[in-house]
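K.L.:
Quick one: the structure is below, questions incoming.
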Amino acid sequence: MSDILNEQIFTIDTEANIQKEKKVEPLQLFNDNHPMLSKEIPEYKIPLPNPNMNLLINRLKMTMKKYSGLGLSANQCGVFERVFVIGTEHFQFACINPKIIDQSAEMIKEYEGCLSYPALYIKIDRPSWIMASYYNENGEKMEVKMEGLTARCFQHELDHMNGIKFVEHVGPVALRMAKQKRDKVIKTIIRKRKHGK
Ligand SMILES: [Zn+2]
């Protein structure tokens, strides 16, 4: 597996006819009230593979790693394309035009976080397994059975593609309690920093 942080892209400066090296930069993370998080993103229709999508995917992977996330959707970074990345520090993959084609009747309730909502964790009920379909960056159609954390991440990111925020899965009382918990955690971190731990 290549280390995405060391990966570089090459652009050709046609005027000077010189090949220049350009570092892949992470994207900016938008906050939770950005309007793009509430919009359904249309299907991606440009033929794959293509350099723009490859660059976007690399930047999404870098951004996800930078913030130690397990998933990141393009619209969380202000990019209106139907693509997200999921994975861990060591392995990430991209899902273009993702869909769920089958899912378990059995539901599992687990804590979820979101890079657009720092330090907020909410327990959400989701099917325990899914049959996921998506295109990878090479344009290959993938159909994969996912379970556990991968299934949960895929469903969370697919919600982003459809303009659904994870806080919409719970009622106002549960959300208020989760936010109170988050505020306490943030206060503790600030206090510890002030007193040098
Ligand atoms: Zn999210």
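Starting from 1 in every chain, residues are counted up; chains themselves are A, B, ... following the order of the structure tokens, and ligands are numbered from 1 as listed.
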Which residues of chain A come within 10 Å of ligand 1, and for each one, what is the closest pair of atoms and their distance in Å to one decimal, counting only C-alpha atoms and all ligand atoms, sorted by chain and residue number, as a tab-separated table?
P.N.:
```
residue	atom	partner	partner_atom_place_in_ligand_line	distance
A:Asp32	CA	ligand 1	1 (Zn)	9.2
A:Leu37	CA	ligand 1	1 (Zn)	9.2
A:Gly69	CA	ligand 1	1 (Zn)	9.1
A:Leu70	CA	ligand 1	1 (Zn)	9.2
A:Gly71	CA	ligand 1	1 (Zn)	7.1
A:Leu72	CA	ligand 1	1 (Zn)	6.5
A:Ser73	CA	ligand 1	1 (Zn)	7.2
A:Asn75	CA	ligand 1	1 (Zn)	9.8
A:Gln76	CA	ligand 1	1 (Zn)	7.5
A:Glu112	CA	ligand 1	1 (Zn)	8.7
A:Gly113	CA	ligand 1	1 (Zn)	6.9
A:Cys114	CA	ligand 1	1 (Zn)	3.8
A:Leu115	CA	ligand 1	1 (Zn)	5.6
A:Ser116	CA	ligand 1	1 (Zn)	5.9
A:Tyr117	CA	ligand 1	1 (Zn)	7.6
A:Pro118	CA	ligand 1	1 (Zn)	9.9
A:Cys153	CA	ligand 1	1 (Zn)	8.6
A:Gln155	CA	ligand 1	1 (Zn)	9.9
A:His156	CA	ligand 1	1 (Zn)	6.2
A:Glu157	CA	ligand 1	1 (Zn)	6.1
A:Leu158	CA	ligand 1	1 (Zn)	9.3
A:Asp159	CA	ligand 1	1 (Zn)	8.2
A:His160	CA	ligand 1	1 (Zn)	6.5
A:Met161	CA	ligand 1	1 (Zn)	10.0
A:Ile164	CA	ligand 1	1 (Zn)	9.2
A:Lys165	CA	ligand 1	1 (Zn)	6.9
A:Phe166	CA	ligand 1	1 (Zn)	6.6
A:Val167	CA	ligand 1	1 (Zn)	9.5
```
K.L.:
Looking only at helix (DSSP H, G or I) from DSSP on the backbone, list the matching residues of chain A as a ChimeraX atom specification.
P.N.:
/A:4-6,35-38,51-66,74-77,148-161,166-169,172-194
K.L.:
Restricted to C-alpha atoms, what would the selected residues look like written as a PDB file, in the first residue's frame?
P.N.:
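Saved result, again.pdb, follows:
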```pdb
ATOM      1  CA  ILE A   4      -0.713   8.626   0.512  1.00  0.00           C
ATOM      2  CA  LEU A   5       1.011  11.365   2.479  1.00  0.00           C
ATOM      3  CA  ASN A   6       4.126  10.912   0.376  1.00  0.00           C
ATOM      4  CA  PRO A  35     -25.476  24.250   3.645  1.00  0.00           C
ATOM      5  CA  MET A  36     -23.687  21.672   1.491  1.00  0.00           C
ATOM      6  CA  LEU A  37     -24.175  19.079   4.237  1.00  0.00           C
ATOM      7  CA  SER A  38     -27.941  19.256   3.750  1.00  0.00           C
ATOM      8  CA  PRO A  51      -7.203  12.893 -13.014  1.00  0.00           C
ATOM      9  CA  ASN A  52      -9.644  15.260 -11.282  1.00  0.00           C
ATOM     10  CA  MET A  53     -11.373  12.437  -9.419  1.00  0.00           C
ATOM     11  CA  ASN A  54      -8.027  10.822  -8.565  1.00  0.00           C
ATOM     12  CA  LEU A  55      -6.770  14.083  -7.107  1.00  0.00           C
ATOM     13  CA  LEU A  56      -9.993  14.631  -5.159  1.00  0.00           C
ATOM     14  CA  ILE A  57      -9.810  11.107  -3.718  1.00  0.00           C
ATOM     15  CA  ASN A  58      -6.168  11.564  -2.697  1.00  0.00           C
ATOM     16  CA  ARG A  59      -6.995  14.844  -1.020  1.00  0.00           C
ATOM     17  CA  LEU A  60      -9.979  13.290   0.785  1.00  0.00           C
ATOM     18  CA  LYS A  61      -7.792  10.433   2.039  1.00  0.00           C
ATOM     19  CA  MET A  62      -5.175  12.909   3.277  1.00  0.00           C
ATOM     20  CA  THR A  63      -7.776  15.016   5.015  1.00  0.00           C
ATOM     21  CA  MET A  64      -9.356  11.973   6.670  1.00  0.00           C
ATOM     22  CA  LYS A  65      -5.938  10.863   7.942  1.00  0.00           C
ATOM     23  CA  LYS A  66      -5.046  14.355   9.131  1.00  0.00           C
ATOM     24  CA  ALA A  74     -16.565  15.214  -0.445  1.00  0.00           C
ATOM     25  CA  ASN A  75     -19.346  17.579   0.669  1.00  0.00           C
ATOM     26  CA  GLN A  76     -17.847  17.757   4.176  1.00  0.00           C
ATOM     27  CA  CYS A  77     -14.999  19.596   2.459  1.00  0.00           C
ATOM     28  CA  GLY A 148     -19.179  -4.096  11.676  1.00  0.00           C
ATOM     29  CA  LEU A 149     -17.437  -0.749  11.567  1.00  0.00           C
ATOM     30  CA  THR A 150     -17.059  -0.745   7.769  1.00  0.00           C
ATOM     31  CA  ALA A 151     -20.819  -1.183   7.276  1.00  0.00           C
ATOM     32  CA  ARG A 152     -21.492   1.582   9.788  1.00  0.00           C
ATOM     33  CA  CYS A 153     -19.025   3.969   8.109  1.00  0.00           C
ATOM     34  CA  PHE A 154     -20.463   3.253   4.657  1.00  0.00           C
ATOM     35  CA  GLN A 155     -23.997   3.986   5.859  1.00  0.00           C
ATOM     36  CA  HIS A 156     -22.900   7.164   7.649  1.00  0.00           C
ATOM     37  CA  GLU A 157     -21.074   8.471   4.551  1.00  0.00           C
ATOM     38  CA  LEU A 158     -23.931   7.464   2.247  1.00  0.00           C
ATOM     39  CA  ASP A 159     -26.179   9.623   4.431  1.00  0.00           C
ATOM     40  CA  HIS A 160     -23.833  12.558   3.739  1.00  0.00           C
ATOM     41  CA  MET A 161     -24.260  11.932  -0.011  1.00  0.00           C
ATOM     42  CA  PHE A 166     -25.974  11.918  11.627  1.00  0.00           C
ATOM     43  CA  VAL A 167     -27.649  14.101  14.270  1.00  0.00           C
ATOM     44  CA  GLU A 168     -30.924  13.649  12.346  1.00  0.00           C
ATOM     45  CA  HIS A 169     -31.018   9.992  13.406  1.00  0.00           C
ATOM     46  CA  PRO A 172     -33.985  16.107  20.542  1.00  0.00           C
ATOM     47  CA  VAL A 173     -33.455  14.710  24.056  1.00  0.00           C
ATOM     48  CA  ALA A 174     -30.702  12.271  23.015  1.00  0.00           C
ATOM     49  CA  LEU A 175     -29.065  15.001  20.961  1.00  0.00           C
ATOM     50  CA  ARG A 176     -29.133  17.495  23.828  1.00  0.00           C
ATOM     51  CA  MET A 177     -27.557  14.934  26.164  1.00  0.00           C
ATOM     52  CA  ALA A 178     -24.845  14.108  23.632  1.00  0.00           C
ATOM     53  CA  LYS A 179     -24.067  17.811  23.176  1.00  0.00           C
ATOM     54  CA  GLN A 180     -23.855  18.338  26.957  1.00  0.00           C
ATOM     55  CA  LYS A 181     -21.416  15.440  27.156  1.00  0.00           C
ATOM     56  CA  ARG A 182     -19.371  16.936  24.307  1.00  0.00           C
ATOM     57  CA  ASP A 183     -19.263  20.361  25.981  1.00  0.00           C
ATOM     58  CA  LYS A 184     -18.034  18.753  29.221  1.00  0.00           C
ATOM     59  CA  VAL A 185     -15.270  16.920  27.344  1.00  0.00           C
ATOM     60  CA  ILE A 186     -14.199  20.111  25.554  1.00  0.00           C
ATOM     61  CA  LYS A 187     -14.178  22.083  28.838  1.00  0.00           C
ATOM     62  CA  THR A 188     -12.012  19.423  30.481  1.00  0.00           C
ATOM     63  CA  ILE A 189      -9.547  19.525  27.578  1.00  0.00           C
ATOM     64  CA  ILE A 190      -9.324  23.336  27.766  1.00  0.00           C
ATOM     65  CA  ARG A 191      -8.858  23.253  31.562  1.00  0.00           C
ATOM     66  CA  LYS A 192      -6.114  20.617  31.283  1.00  0.00           C
ATOM     67  CA  ARG A 193      -4.324  22.685  28.641  1.00  0.00           C
ATOM     68  CA  LYS A 194      -4.495  25.817  30.790  1.00  0.00           C
TER      69      LYS A 194
END
```
K.L.:
Near Met142 of chain A, counting only C-alpha atoms, which residues have an atom at most 12 Å away, once you skip same-chain residues fewer than 2 positions from it, shown as a list of chain:residue names?
P.N.:
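Answer for this query is A:Phe93, A:Ala94, A:Cys95, A:Ile96, A:Asn97, A:Pro98, A:Lys99, A:Ile100, A:Ile101, A:Met131, A:Ala132, A:Ser133, A:Tyr134, A:Tyr135, A:Asn136, A:Glu137, A:Asn138, A:Gly139, A:Glu140, A:Val144, A:Lys145, A:Met146.
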K.L.:
Looking at only C-alpha atoms, which of A:Ile46, A:Val170, A:Ile124, A:Ile130 is the one that sits closest to Arg82 of chain A?
P.N.:
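Closest to Arg82 of chain A, using only C-alpha atoms: A:Ile46.
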K.L.:
Just asking: which residues within chain A are strand (DSSP E) according to DSSP, as a VMD selection string?
P.N.:
chain A and resid 8 to 13 18 to 23 71 to 73 83 to 87 92 to 103 107 to 114 117 to 127 129 to 135 141 to 147
K.L.:
As an exercise, work out the distance from atom CA of Met107 of chain A to atom CA of Arg126 of chain A in Å and give it to one decimal place.
P.N.:
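Between these atoms lies a distance of 5.1 Å.
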K.L.:
Just to confirm, what's the straight-line distance from atom CA of Pro127 of chain A to atom CA of Tyr111 of chain A in Å (one decimal)?
P.N.:
13.7 Å
K.L.:
Hey, can you check how far atom CA of Gly163 of chain A sits from atom CA of Gln28 of chain A?
P.N.:
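Separating atom CA of Gly163 of chain A from atom CA of Gln28 of chain A is a distance of 18.7 Å.
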